[in-house]
$ cat protein-v5.tsv   # TSV, C-alpha atoms
chain	number	residue	atom	x	y	z
A	1	MET	CA	-68.85	-7.10	41.78
A	2	VAL	CA	-67.23	-10.02	43.55
A	3	PHE	CA	-64.36	-11.96	42.01
A	4	SER	CA	-62.16	-14.84	43.09
A	5	TYR	CA	-58.61	-13.60	43.40
A	6	TYR	CA	-55.35	-15.47	42.92
A	7	PRO	CA	-52.38	-13.40	44.16
A	8	GLY	CA	-49.63	-15.98	43.52
A	9	CYS	CA	-46.34	-16.48	45.34
A	10	THR	CA	-44.50	-13.31	44.35
A	11	LEU	CA	-47.33	-11.03	45.47
A	12	LYS	CA	-47.02	-12.53	48.93
A	13	THR	CA	-43.30	-11.84	49.10
A	14	GLN	CA	-41.28	-9.55	46.81
A	15	ALA	CA	-44.27	-7.84	45.22
A	16	LYS	CA	-46.43	-7.18	48.28
A	17	GLU	CA	-47.07	-3.65	47.09
A	18	LEU	CA	-48.57	-4.97	43.84
A	19	ASP	CA	-51.04	-7.01	45.89
A	20	ARG	CA	-51.86	-4.34	48.47
A	21	LEU	CA	-52.32	-1.52	45.95
A	22	ALA	CA	-54.46	-3.71	43.74
A	23	ARG	CA	-56.77	-4.66	46.60
A	24	ASN	CA	-57.11	-1.07	47.77
A	25	SER	CA	-57.60	0.32	44.27
A	26	ALA	CA	-60.12	-2.40	43.45
A	27	LYS	CA	-62.10	-1.52	46.58
A	28	VAL	CA	-62.35	2.10	45.44
A	29	LEU	CA	-63.61	0.89	42.06
A	30	GLY	CA	-66.23	-1.36	43.64
A	31	ILE	CA	-64.40	-4.55	42.76
A	32	ILE	CA	-64.28	-7.06	45.63
A	33	LEU	CA	-61.36	-9.47	45.41
A	34	GLU	CA	-61.90	-12.64	47.44
A	35	GLU	CA	-58.66	-14.51	47.80
A	36	VAL	CA	-58.99	-18.20	46.93
A	37	GLU	CA	-58.34	-20.37	49.99
A	38	ASP	CA	-55.30	-22.62	50.18
A	39	TRP	CA	-54.00	-21.77	46.73
A	40	GLN	CA	-50.64	-23.07	45.58
A	41	CYS	CA	-47.97	-21.55	43.35
A	42	CYS	CA	-48.86	-21.89	39.66
A	43	GLY	CA	-45.22	-22.66	38.85
A	44	ALA	CA	-44.61	-19.35	37.05
A	45	VAL	CA	-43.93	-21.12	33.75
A	46	TYR	CA	-46.68	-22.71	31.69
A	47	PRO	CA	-45.88	-26.42	31.24
A	48	LEU	CA	-45.68	-26.59	27.44
A	49	GLY	CA	-45.25	-30.35	27.21
A	50	THR	CA	-48.49	-32.08	26.24
A	51	ASP	CA	-47.58	-34.89	28.67
A	52	GLU	CA	-47.06	-32.52	31.62
A	53	ILE	CA	-49.99	-33.16	33.96
A	54	ALA	CA	-48.84	-32.77	37.58
A	55	THR	CA	-47.38	-29.33	36.84
A	56	LYS	CA	-50.83	-28.11	35.78
A	57	LEU	CA	-52.71	-29.25	38.89
A	58	ALA	CA	-52.10	-26.19	41.08
A	59	SER	CA	-53.74	-24.01	38.44
A	60	VAL	CA	-56.66	-26.38	38.00
A	61	ARG	CA	-57.33	-26.42	41.76
A	62	VAL	CA	-57.59	-22.63	41.80
A	63	LEU	CA	-59.77	-22.60	38.70
A	64	LYS	CA	-62.06	-25.17	40.33
A	65	GLU	CA	-62.40	-23.10	43.49
A	66	ALA	CA	-63.53	-20.11	41.42
A	67	ALA	CA	-65.91	-22.34	39.45
A	68	LYS	CA	-67.52	-23.57	42.70
A	69	LYS	CA	-68.37	-19.97	43.55
A	70	GLY	CA	-69.33	-19.16	39.98
A	71	GLN	CA	-66.93	-16.21	39.96
A	72	PRO	CA	-64.41	-15.07	37.38
A	73	LEU	CA	-60.83	-15.55	38.59
A	74	VAL	CA	-58.71	-12.40	38.80
A	75	THR	CA	-54.91	-12.41	38.61
A	76	LEU	CA	-52.33	-9.64	38.72
A	77	CYS	CA	-48.93	-11.16	38.09
A	78	ALA	CA	-48.31	-11.59	34.36
A	79	ALA	CA	-46.88	-15.08	34.91
A	80	CYS	CA	-49.88	-16.28	36.92
A	81	THR	CA	-52.21	-14.81	34.31
A	82	HIS	CA	-50.30	-16.61	31.56
A	83	VAL	CA	-50.09	-20.00	33.29
A	84	ILE	CA	-53.65	-20.10	34.60
A	85	LYS	CA	-55.23	-18.86	31.37
A	86	ARG	CA	-53.34	-21.45	29.34
A	87	VAL	CA	-54.09	-24.32	31.71
A	88	ASN	CA	-57.73	-23.26	31.64
A	89	ASP	CA	-57.63	-23.35	27.86
A	90	ASP	CA	-56.20	-26.88	28.01
A	91	MET	CA	-59.00	-27.94	30.35
A	92	LYS	CA	-61.55	-26.46	27.99
A	93	ASN	CA	-60.14	-27.52	24.62
A	94	ASN	CA	-57.70	-30.40	25.08
A	95	GLY	CA	-59.61	-33.58	25.83
A	96	ASP	CA	-56.50	-35.62	26.55
A	97	ILE	CA	-55.20	-33.21	29.21
A	98	ARG	CA	-58.69	-32.70	30.64
A	99	ARG	CA	-59.27	-36.44	31.03
A	100	LYS	CA	-55.87	-37.07	32.63
A	101	VAL	CA	-56.09	-34.11	35.02
A	102	ASN	CA	-59.60	-34.99	36.18
A	103	LYS	CA	-58.63	-38.62	36.61
A	104	TYR	CA	-55.58	-37.61	38.60
A	105	MET	CA	-57.55	-35.32	40.88
A	106	GLU	CA	-60.20	-37.98	41.59
A	107	GLU	CA	-62.79	-35.47	42.71
A	108	GLU	CA	-66.54	-35.66	42.37
A	109	ALA	CA	-67.05	-33.01	39.74
A	110	ASP	CA	-64.86	-32.83	36.66
A	111	TYR	CA	-63.48	-29.44	35.67
A	112	LYS	CA	-63.97	-28.45	32.04
A	113	GLY	CA	-62.63	-24.92	31.86
A	114	GLU	CA	-65.78	-23.15	33.06
A	115	THR	CA	-63.97	-20.33	34.88
A	116	GLU	CA	-63.21	-17.06	33.15
A	117	VAL	CA	-59.66	-15.89	33.91
A	118	LEU	CA	-59.03	-12.15	33.82
A	119	HIS	CA	-56.14	-9.89	34.64
A	120	LEU	CA	-57.19	-6.93	36.82
A	121	ILE	CA	-56.74	-4.57	33.87
A	122	GLU	CA	-59.15	-6.73	31.86
A	123	VAL	CA	-61.63	-6.52	34.75
A	124	ILE	CA	-61.38	-2.73	34.72
A	125	ASN	CA	-61.80	-2.68	30.95
A	126	LYS	CA	-64.70	-5.12	30.88
A	127	TYR	CA	-66.68	-4.27	34.01
A	128	ILE	CA	-65.91	-0.57	34.52
A	129	GLY	CA	-64.53	0.78	31.26
A	130	PHE	CA	-61.74	3.31	30.89
A	131	ASP	CA	-64.16	6.20	30.36
A	132	LYS	CA	-65.77	5.42	33.70
A	133	LEU	CA	-62.35	4.92	35.32
A	134	LYS	CA	-61.64	8.59	34.59
A	135	GLU	CA	-64.49	9.54	36.89
A	136	TYR	CA	-62.77	7.79	39.81
A	137	VAL	CA	-59.51	9.70	39.32
A	138	LYS	CA	-58.92	12.19	42.14
A	139	ASN	CA	-55.32	12.97	41.41
A	140	PRO	CA	-54.86	13.02	37.62
A	141	LEU	CA	-51.30	12.30	36.50
A	142	THR	CA	-51.30	15.31	34.21
A	143	GLY	CA	-48.21	15.81	32.12
A	144	ARG	CA	-46.59	12.51	33.12
A	145	LYS	CA	-45.11	10.55	30.21
A	146	ILE	CA	-45.68	6.89	30.96
A	147	GLY	CA	-44.77	3.95	28.76
A	148	ALA	CA	-46.42	0.56	29.15
A	149	TYR	CA	-44.09	-2.40	29.17
A	150	TYR	CA	-46.28	-5.33	28.14
A	151	GLY	CA	-43.58	-7.98	27.88
A	152	CYS	CA	-44.53	-11.43	26.58
A	153	MET	CA	-46.76	-13.32	28.90
A	154	LEU	CA	-49.92	-11.25	28.82
A	155	LEU	CA	-49.94	-11.04	25.04
A	156	ARG	CA	-48.67	-14.31	23.59
A	157	PRO	CA	-49.93	-16.59	22.29
A	158	SER	CA	-52.85	-14.31	21.50
A	159	SER	CA	-55.04	-17.23	20.42
A	160	VAL	CA	-55.17	-18.30	24.07
A	161	MET	CA	-54.36	-15.14	26.04
A	162	ALA	CA	-56.90	-12.99	24.11
A	163	PHE	CA	-55.53	-10.03	26.06
A	164	ASP	CA	-55.02	-7.57	23.24
A	165	ASP	CA	-53.53	-7.25	19.75
A	166	PRO	CA	-50.17	-9.03	20.27
A	167	GLU	CA	-48.24	-6.69	17.97
A	168	ASN	CA	-49.98	-3.38	18.61
A	169	PRO	CA	-51.58	-3.58	22.03
A	170	THR	CA	-53.47	-0.56	23.36
A	171	ILE	CA	-55.10	-1.59	26.65
A	172	PHE	CA	-52.37	-0.22	28.93
A	173	GLU	CA	-52.18	3.01	26.93
A	174	LYS	CA	-55.94	3.49	27.38
A	175	PHE	CA	-55.45	2.84	31.09
A	176	ILE	CA	-52.61	5.38	31.35
A	177	LYS	CA	-54.69	7.94	29.47
A	178	ALA	CA	-57.67	7.39	31.75
A	179	LEU	CA	-55.45	8.22	34.73
A	180	GLY	CA	-54.64	11.57	33.14
A	181	ALA	CA	-51.10	10.84	31.96
A	182	ASP	CA	-49.69	10.77	28.42
A	183	PRO	CA	-49.07	7.23	27.19
A	184	VAL	CA	-45.77	6.77	25.36
A	185	ILE	CA	-45.82	4.22	22.56
A	186	TYR	CA	-42.43	2.69	21.83
A	187	PRO	CA	-41.63	-0.29	19.58
A	188	TYR	CA	-39.97	-2.48	22.23
A	189	ARG	CA	-42.94	-2.54	24.57
A	190	ASN	CA	-43.78	-6.14	23.69
A	191	GLU	CA	-40.21	-7.46	23.37
A	192	CYS	CA	-38.94	-9.99	25.89
A	193	CYS	CA	-36.91	-8.76	28.90
A	194	GLY	CA	-35.02	-12.05	29.11
A	195	GLY	CA	-37.33	-13.64	31.65
A	196	TYR	CA	-36.01	-16.49	33.75
A	197	ILE	CA	-32.49	-16.57	32.28
A	198	SER	CA	-31.52	-13.68	34.53
A	199	LEU	CA	-30.38	-16.12	37.20
A	200	LYS	CA	-28.00	-17.91	34.84
A	201	GLU	CA	-27.15	-15.23	32.28
A	202	LYS	CA	-27.52	-11.83	33.90
A	203	ASP	CA	-25.34	-10.08	31.33
A	204	ARG	CA	-27.59	-11.16	28.48
A	205	VAL	CA	-30.61	-9.82	30.38
A	206	LYS	CA	-28.82	-6.52	30.91
A	207	GLU	CA	-28.25	-6.22	27.16
A	208	MET	CA	-31.90	-6.94	26.45
A	209	VAL	CA	-33.32	-4.53	29.00
A	210	ALA	CA	-30.86	-1.84	27.93
A	211	THR	CA	-32.37	-1.97	24.44
A	212	ILE	CA	-35.89	-1.78	25.82
A	213	LYS	CA	-35.16	1.10	28.19
A	214	GLU	CA	-33.20	3.12	25.63
A	215	ASN	CA	-36.04	2.65	23.19
A	216	ALA	CA	-38.60	3.80	25.77
A	217	LYS	CA	-36.51	6.81	26.74
A	218	HIS	CA	-35.82	7.70	23.14
A	219	ASN	CA	-39.57	7.87	22.58
A	220	GLY	CA	-40.05	10.17	25.55
A	221	ALA	CA	-41.01	7.88	28.42
A	222	GLU	CA	-40.19	9.05	31.95
A	223	GLN	CA	-41.73	6.07	33.68
A	224	LEU	CA	-42.49	2.49	32.69
A	225	ILE	CA	-45.26	0.37	34.14
A	226	THR	CA	-45.46	-3.40	34.13
A	227	ALA	CA	-47.68	-6.16	35.53
A	228	CYS	CA	-44.85	-8.65	35.88
A	229	PRO	CA	-42.55	-8.94	38.93
A	230	LEU	CA	-39.85	-10.63	36.87
A	231	CYS	CA	-39.97	-7.93	34.17
A	232	LEU	CA	-39.71	-5.33	36.94
A	233	TYR	CA	-36.73	-7.12	38.48
A	234	ASN	CA	-35.00	-7.51	35.11
A	235	LEU	CA	-35.70	-3.93	34.05
A	236	LYS	CA	-34.10	-2.75	37.28
A	237	GLN	CA	-30.87	-4.66	36.57
A	238	ILE	CA	-29.47	-1.66	34.78
A	239	SER	CA	-29.90	1.84	36.04
A	240	CYS	CA	-31.26	4.43	33.71
A	241	ARG	CA	-31.59	7.97	34.95
A	242	ASP	CA	-35.04	9.56	34.73
A	243	LEU	CA	-36.82	6.31	33.92
A	244	ASN	CA	-38.68	4.81	36.86
A	245	ILE	CA	-40.03	1.27	36.67
A	246	ASP	CA	-43.23	0.60	38.60
A	247	TYR	CA	-46.19	-1.72	38.77
A	248	LEU	CA	-49.34	-0.61	37.00
A	249	THR	CA	-51.15	-0.60	40.35
A	250	GLU	CA	-48.80	2.10	41.65
A	251	ILE	CA	-50.02	4.68	39.14
A	252	LEU	CA	-53.59	3.45	39.62
A	253	ALA	CA	-53.47	3.93	43.40
A	254	GLU	CA	-51.74	7.27	42.99
A	255	ALA	CA	-54.38	8.56	40.56
A	256	LEU	CA	-57.20	7.25	42.73
A	257	GLY	CA	-55.74	9.27	45.59
A	258	ILE	CA	-55.23	6.28	47.88
A	259	THR	CA	-53.26	7.37	50.91
A	260	TYR	CA	-51.08	5.27	53.12
A	261	ASN	CA	-51.69	6.03	56.74
A	262	SER	CA	-53.98	3.27	57.91
A	263	GLU	CA	-52.39	0.46	59.88
A	264	GLU	CA	-52.67	-2.02	57.06
A	265	GLU	CA	-50.89	0.19	54.59
A	266	VAL	CA	-48.29	1.79	56.80
A	267	SER	CA	-45.35	-0.37	55.67
A	268	TYR	CA	-45.83	0.53	52.05
A	269	ALA	CA	-43.30	2.81	50.42
A	270	TYR	CA	-42.90	3.74	46.80
A	271	SER	CA	-40.08	1.79	45.21
A	272	LYS	CA	-38.80	4.65	43.13
B	1	MET	CA	-40.70	-38.56	3.96
B	2	HIS	CA	-39.39	-38.35	7.48
B	3	ILE	CA	-37.01	-40.86	9.01
B	4	GLN	CA	-38.39	-43.19	11.66
B	5	ASN	CA	-36.93	-42.35	15.00
B	6	ASP	CA	-38.40	-43.11	18.43
B	7	TYR	CA	-37.10	-39.90	19.95
B	8	ALA	CA	-38.32	-37.82	17.02
B	9	ASP	CA	-41.79	-39.23	17.56
B	10	GLN	CA	-41.49	-38.50	21.25
B	11	ILE	CA	-40.68	-34.88	20.46
B	12	ARG	CA	-43.70	-34.74	18.17
B	13	LEU	CA	-45.85	-36.18	20.93
B	14	ILE	CA	-44.59	-33.93	23.74
B	15	SER	CA	-44.62	-30.78	21.63
B	16	GLY	CA	-47.90	-31.46	19.90
B	17	SER	CA	-46.27	-29.71	16.97
B	18	GLN	CA	-46.88	-30.60	13.34
B	19	ASP	CA	-43.42	-30.13	11.87
B	20	LEU	CA	-44.52	-31.20	8.38
B	21	LYS	CA	-46.56	-28.02	8.10
B	22	CYS	CA	-43.37	-25.93	8.21
B	23	MET	CA	-42.68	-24.14	4.93
B	24	LYS	CA	-39.24	-22.88	6.04
B	25	CYS	CA	-40.14	-19.21	5.82
B	26	GLY	CA	-37.80	-18.38	8.73
B	27	ARG	CA	-40.14	-15.99	10.44
B	28	CYS	CA	-39.56	-17.77	13.76
B	29	SER	CA	-35.82	-17.10	13.62
B	30	ALA	CA	-36.43	-13.54	12.46
B	31	SER	CA	-38.68	-12.97	15.48
B	32	CYS	CA	-36.46	-14.68	18.04
B	33	PRO	CA	-34.80	-12.29	20.53
B	34	GLN	CA	-32.18	-14.98	21.23
B	35	TYR	CA	-31.35	-15.79	17.58
B	36	GLU	CA	-27.75	-14.58	17.88
B	37	GLU	CA	-27.23	-16.66	21.03
B	38	MET	CA	-28.48	-19.91	19.55
B	39	ASP	CA	-26.40	-22.66	17.94
B	40	VAL	CA	-29.46	-24.35	16.43
B	41	ARG	CA	-31.79	-21.61	15.25
B	42	PRO	CA	-35.57	-21.87	15.69
B	43	HIS	CA	-36.23	-22.55	11.98
B	44	GLN	CA	-33.62	-25.35	12.03
B	45	PHE	CA	-35.36	-27.32	14.76
B	46	VAL	CA	-37.81	-28.72	12.26
B	47	SER	CA	-34.98	-29.88	9.96
B	48	TYR	CA	-33.15	-31.65	12.79
B	49	LEU	CA	-36.38	-33.31	13.82
B	50	GLN	CA	-37.16	-34.48	10.30
B	51	ARG	CA	-33.64	-35.88	9.89
B	52	GLY	CA	-34.06	-37.68	13.21
B	53	ASP	CA	-31.01	-35.93	14.61
B	54	ILE	CA	-32.45	-35.73	18.11
B	55	ASP	CA	-29.18	-36.13	20.02
B	56	ALA	CA	-28.01	-32.88	18.47
B	57	LEU	CA	-31.20	-31.16	19.61
B	58	MET	CA	-30.92	-32.50	23.13
B	59	ASP	CA	-27.27	-31.45	23.35
B	60	CYS	CA	-27.57	-28.03	21.73
B	61	GLU	CA	-27.23	-24.76	23.65
B	62	SER	CA	-30.45	-23.36	22.19
B	63	ILE	CA	-32.64	-25.37	24.54
B	64	TRP	CA	-31.25	-23.26	27.40
B	65	LYS	CA	-31.44	-20.02	25.40
B	66	CYS	CA	-35.13	-20.08	24.48
B	67	LEU	CA	-36.97	-17.60	26.72
B	68	SER	CA	-40.47	-18.96	26.06
B	69	CYS	CA	-41.45	-15.46	24.93
B	70	PHE	CA	-43.69	-17.06	22.26
B	71	ALA	CA	-42.81	-14.54	19.56
B	72	CYS	CA	-42.18	-17.47	17.16
B	73	VAL	CA	-45.47	-19.14	18.10
B	74	GLU	CA	-47.36	-15.89	17.60
B	75	ARG	CA	-45.84	-15.15	14.22
B	76	CYS	CA	-45.60	-18.62	12.62
B	77	PRO	CA	-47.93	-18.52	9.61
B	78	ARG	CA	-48.30	-22.31	9.68
B	79	ASP	CA	-48.92	-22.80	13.41
B	80	VAL	CA	-45.88	-25.07	13.80
B	81	LYS	CA	-45.20	-23.74	17.33
B	82	PRO	CA	-41.36	-23.74	17.27
B	83	ALA	CA	-41.14	-22.89	21.00
B	84	ARG	CA	-42.96	-26.14	21.76
B	85	LEU	CA	-40.40	-28.13	19.75
B	86	ILE	CA	-37.55	-26.50	21.66
B	87	GLU	CA	-39.35	-27.14	24.94
B	88	ALA	CA	-39.88	-30.81	24.06
B	89	ALA	CA	-36.12	-31.25	23.41
B	90	ARG	CA	-35.37	-29.47	26.70
B	91	LEU	CA	-37.82	-31.68	28.56
B	92	LEU	CA	-36.22	-34.84	27.14
B	93	ARG	CA	-32.86	-33.51	28.24
B	94	ILE	CA	-33.82	-32.57	31.81
B	95	ARG	CA	-35.81	-35.76	32.29
B	96	ARG	CA	-32.66	-37.67	31.38
B	97	GLN	CA	-30.23	-35.73	33.53
B	98	SER	CA	-29.78	-36.67	37.15
B	99	ASP	CA	-26.88	-35.14	39.02
B	100	ASP	CA	-25.78	-32.21	36.88
B	101	GLU	CA	-28.69	-29.96	37.75
B	102	PHE	CA	-28.22	-26.23	37.39
B	103	ILE	CA	-29.85	-25.43	40.72
B	104	THR	CA	-30.92	-27.30	43.85
B	105	PRO	CA	-33.31	-26.08	46.59
B	106	GLU	CA	-30.37	-26.02	49.02
B	107	GLN	CA	-28.75	-23.25	46.98
B	108	VAL	CA	-31.69	-20.87	47.28
B	109	PRO	CA	-30.91	-19.23	50.66
B	110	ALA	CA	-27.40	-18.32	49.50
B	111	LEU	CA	-28.78	-16.85	46.26
B	112	LEU	CA	-31.25	-14.70	48.19
B	113	GLU	CA	-28.51	-13.54	50.52
B	114	LEU	CA	-26.53	-12.44	47.48
B	115	ASP	CA	-29.51	-10.68	45.89
B	116	PRO	CA	-32.52	-10.16	48.20
B	117	ASP	CA	-34.53	-8.66	45.35
B	118	ILE	CA	-34.86	-11.96	43.43
B	119	PRO	CA	-38.60	-12.45	42.98
B	120	GLN	CA	-40.16	-15.85	43.81
B	121	GLN	CA	-41.39	-15.90	40.25
B	122	LEU	CA	-37.78	-16.15	39.05
B	123	LEU	CA	-36.97	-19.03	41.39
B	124	ALA	CA	-40.15	-20.91	40.50
B	125	SER	CA	-39.42	-20.39	36.79
B	126	VAL	CA	-35.87	-21.62	37.10
B	127	PHE	CA	-36.96	-24.84	38.82
B	128	ARG	CA	-39.42	-25.48	35.99
B	129	LYS	CA	-36.96	-24.67	33.23
B	130	TYR	CA	-33.72	-26.29	34.37
B	131	VAL	CA	-34.71	-29.06	36.76
B	132	LYS	CA	-36.61	-32.32	36.34
$ encode --input "protein-v5.tsv" --output "structure tokens"
Amino acid sequence: MVFSYYPGCTLKTQAKELDRLARNSAKVLGIILEEVEDWQCCGAVYPLGTDEIATKLASVRVLKEAAKKGQPLVTLCAACTHVIKRVNDDMKNNGDIRRKVNKYMEEEADYKGETEVLHLIEVINKYIGFDKLKEYVKNPLTGRKIGAYYGCMLLRPSSVMAFDDPENPTIFEKFIKALGADPVIYPYRNECCGGYISLKEKDRVKEMVATIKENAKHNGAEQLITACPLCLYNLKQISCRDLNIDYLTEILAEALGITYNSEEEVSYAYSK
Amino acid sequence: MHIQNDYADQIRLISGSQDLKCMKCGRCSASCPQYEEMDVRPHQFVSYLQRGDIDALMDCESIWKCLSCFACVERCPRDVKPARLIEAARLLRIRRQSDDEFITPEQVPALLELDPDIPQQLLASVFRKYVK
């Protein structure tokens, strides 16, 4: 199975391990991720204004590249997933935006939202299935109590994201279970971590993540996983003993028994 | 009947939100994680818009407090999309402002020196949310 892959800016810098572990894990699962050439940053925030056109172009260019190859587009960062899925929805369902974007780009073929955008976890769910994923697990995470932190961007608005039930999501819990660990369900798993305000109002973010982490711990979590580099950064702003925060790909690679001694992987170290 | 106001119509246009569908149930404010921090609460945005009190919306603190978490959009039973209204007011404000920007590209190296863990996603987000 070959997919177009959009890593996004953070996976090339602060979240290199998210990128590297995803590629290596995907390979084990028979998923080939072909990085889109010359991609640009999606902007990390979906341009909500109906008159915002230029800010949507980077996403459209990537979507078009995937469409040319006839491949679904795979993302990993929650922000990229959010932005690109929503821009794709605009291109599919909003005639005004579609017309303006295509006019602006002045290319031969118009883009009309043909590409399917999927987060890696959606690819695993759709093309492999969590039952089958179990068969790939070499190092089951038996006894580990892992909570999923969904955050906002993968889930909402559900009419466009179509990721999971926005109030009672289960996809990450199924994933955790398939890897052999015990998923911990806690009420704050889809509450906002504070997002981008952490640069301007760090104290407010600390309050918000404290509530989330206490809630997770109270319900028995020993580790939280996320797909979002900004959630990870915010969640790490306050220390909480016995509650590690990691990317979902870290537990995936660990369960798949991926080792880190080849040249390519040598610089990787667990961020625990 | 809503009052004629050029800026109010601009907010309607930019947000794509149908404020007249609002039935004032308050679920947006009840869902908002920043409710306590806001001077104009999510459910009040519609009232300000319908009164044509756009200056108050553009000057309020709430436009900087909204996290775009979309809890209000998800839970609104009338599909009014309160986050889009707040975003439209914020866009009008940042499109108007010129020299009082919260962050400039020149400040980035110093920020990263102070905190090398800042993800690019945060910087990219901040430039979209605070700067024209």
$ residues_around --input "protein-v5.tsv" --residues "Lys21 in chain B" --least-positions-apart "6" --cutoff "9 Å" --atoms "only C-alpha atoms" --output "list in words"
Arg78, Asp79 and Val80 of chain B
$ closest_residue --input "protein-v5.tsv" --among "A:Asn234, A:Ile121, A:Ile176, A:Ile171" --to "Glu201 in chain A" --atoms "all atoms listed in the file"
A:Asn234
$ closest_residue --input "protein-v5.tsv" --among "A:Glu108, A:Asp96, A:Asp164, A:Asp51" --to "chain B" --atoms "only C-alpha atoms"
A:Asp51
$ closest_atom_pairs --input "protein-v5.tsv" --of "chain A" --to "chain B" --cutoff "6 Å" --atoms "all atoms listed in the file" --output "JSON lines"
{"residue": "A:Thr10", "atom": "CA", "partner": "B:Gln120", "partner_atom": "CA", "distance": 5.1}
{"residue": "A:Gln14", "atom": "CA", "partner": "B:Pro119", "partner_atom": "CA", "distance": 5.5}
{"residue": "A:Gly43", "atom": "CA", "partner": "B:Ala124", "partner_atom": "CA", "distance": 5.6}
{"residue": "A:Ala44", "atom": "CA", "partner": "B:Ser125", "partner_atom": "CA", "distance": 5.3}
{"residue": "A:Val45", "atom": "CA", "partner": "B:Ser125", "partner_atom": "CA", "distance": 5.5}
{"residue": "A:Gly49", "atom": "CA", "partner": "B:Ile14", "partner_atom": "CA", "distance": 5.0}
{"residue": "A:Thr50", "atom": "CA", "partner": "B:Ile14", "partner_atom": "CA", "distance": 5.0}
{"residue": "A:Asp51", "atom": "CA", "partner": "B:Ile14", "partner_atom": "CA", "distance": 5.8}
{"residue": "A:Cys152", "atom": "CA", "partner": "B:Cys69", "partner_atom": "CA", "distance": 5.3}
{"residue": "A:Arg156", "atom": "CA", "partner": "B:Phe70", "partner_atom": "CA", "distance": 5.8}
{"residue": "A:Pro157", "atom": "CA", "partner": "B:Glu74", "partner_atom": "CA", "distance": 5.4}
{"residue": "A:Tyr196", "atom": "CA", "partner": "B:Leu122", "partner_atom": "CA", "distance": 5.6}
$ write_last_selection --input "protein-v5.tsv" --atoms "C-alpha atoms" --output "compact mmCIF listing (two decimals), in the frame of the given file"
# COMPACT_ATOMS: atom_id res chain seq x y z
CA THR A 10 -44.50 -13.31 44.35
CA GLN A 14 -41.28 -9.55 46.81
CA GLY A 43 -45.22 -22.66 38.85
CA ALA A 44 -44.61 -19.35 37.05
CA VAL A 45 -43.93 -21.12 33.75
CA GLY A 49 -45.25 -30.35 27.21
CA THR A 50 -48.49 -32.08 26.24
CA ASP A 51 -47.58 -34.89 28.67
CA CYS A 152 -44.53 -11.43 26.58
CA ARG A 156 -48.67 -14.31 23.59
CA PRO A 157 -49.93 -16.59 22.29
CA TYR A 196 -36.01 -16.49 33.75
$ closest_residue --input "protein-v5.tsv" --among "B:Ala30, B:Val46, B:Cys60, B:Met38" --to "Gln18 in chain B" --atoms "all atoms listed in the file"
B:Val46
$ closest_atom_pairs --input "protein-v5.tsv" --of "range 77-124 of chain A" --to "range 60-70 of chain A" --cutoff "9 Å" --atoms "only C-alpha atoms" --output "JSON lines"
{"residue": "A:Ile84", "atom": "CA", "partner": "A:Val60", "partner_atom": "CA", "distance": 7.7}
{"residue": "A:Val87", "atom": "CA", "partner": "A:Val60", "partner_atom": "CA", "distance": 7.1}
{"residue": "A:Asn88", "atom": "CA", "partner": "A:Val60", "partner_atom": "CA", "distance": 7.2}
{"residue": "A:Met91", "atom": "CA", "partner": "A:Val60", "partner_atom": "CA", "distance": 8.2}
{"residue": "A:Val101", "atom": "CA", "partner": "A:Val60", "partner_atom": "CA", "distance": 8.3}
{"residue": "A:Met105", "atom": "CA", "partner": "A:Arg61", "partner_atom": "CA", "distance": 8.9}
{"residue": "A:Asp110", "atom": "CA", "partner": "A:Lys64", "partner_atom": "CA", "distance": 8.9}
{"residue": "A:Tyr111", "atom": "CA", "partner": "A:Lys64", "partner_atom": "CA", "distance": 6.5}
{"residue": "A:Gly113", "atom": "CA", "partner": "A:Leu63", "partner_atom": "CA", "distance": 7.8}
{"residue": "A:Glu114", "atom": "CA", "partner": "A:Ala67", "partner_atom": "CA", "distance": 6.4}
{"residue": "A:Thr115", "atom": "CA", "partner": "A:Ala67", "partner_atom": "CA", "distance": 5.4}
{"residue": "A:Glu116", "atom": "CA", "partner": "A:Leu63", "partner_atom": "CA", "distance": 8.6}
{"residue": "A:Val117", "atom": "CA", "partner": "A:Leu63", "partner_atom": "CA", "distance": 8.2}
$ atom_distance --input "protein-v5.tsv" --atom1 "CA of Val184 in chain A" --atom2 "CA of Ile212 in chain A"
13.1 Å
$ residues_near_point --input "protein-v5.tsv" --point "(-26.5, -7.0, 29.9)" --cutoff "6 Å" --atoms "all atoms listed in the file" --output "JSON list (two decimals) with C-alpha atoms, in the frame of the given file"
[["chain", "number", "residue", "atom", "x", "y", "z"],
["A", 203, "ASP", "CA", -25.34, -10.08, 31.33],
["A", 204, "ARG", "CA", -27.59, -11.16, 28.48],
["A", 205, "VAL", "CA", -30.61, -9.82, 30.38],
["A", 206, "LYS", "CA", -28.82, -6.52, 30.91],
["A", 207, "GLU", "CA", -28.25, -6.22, 27.16]]
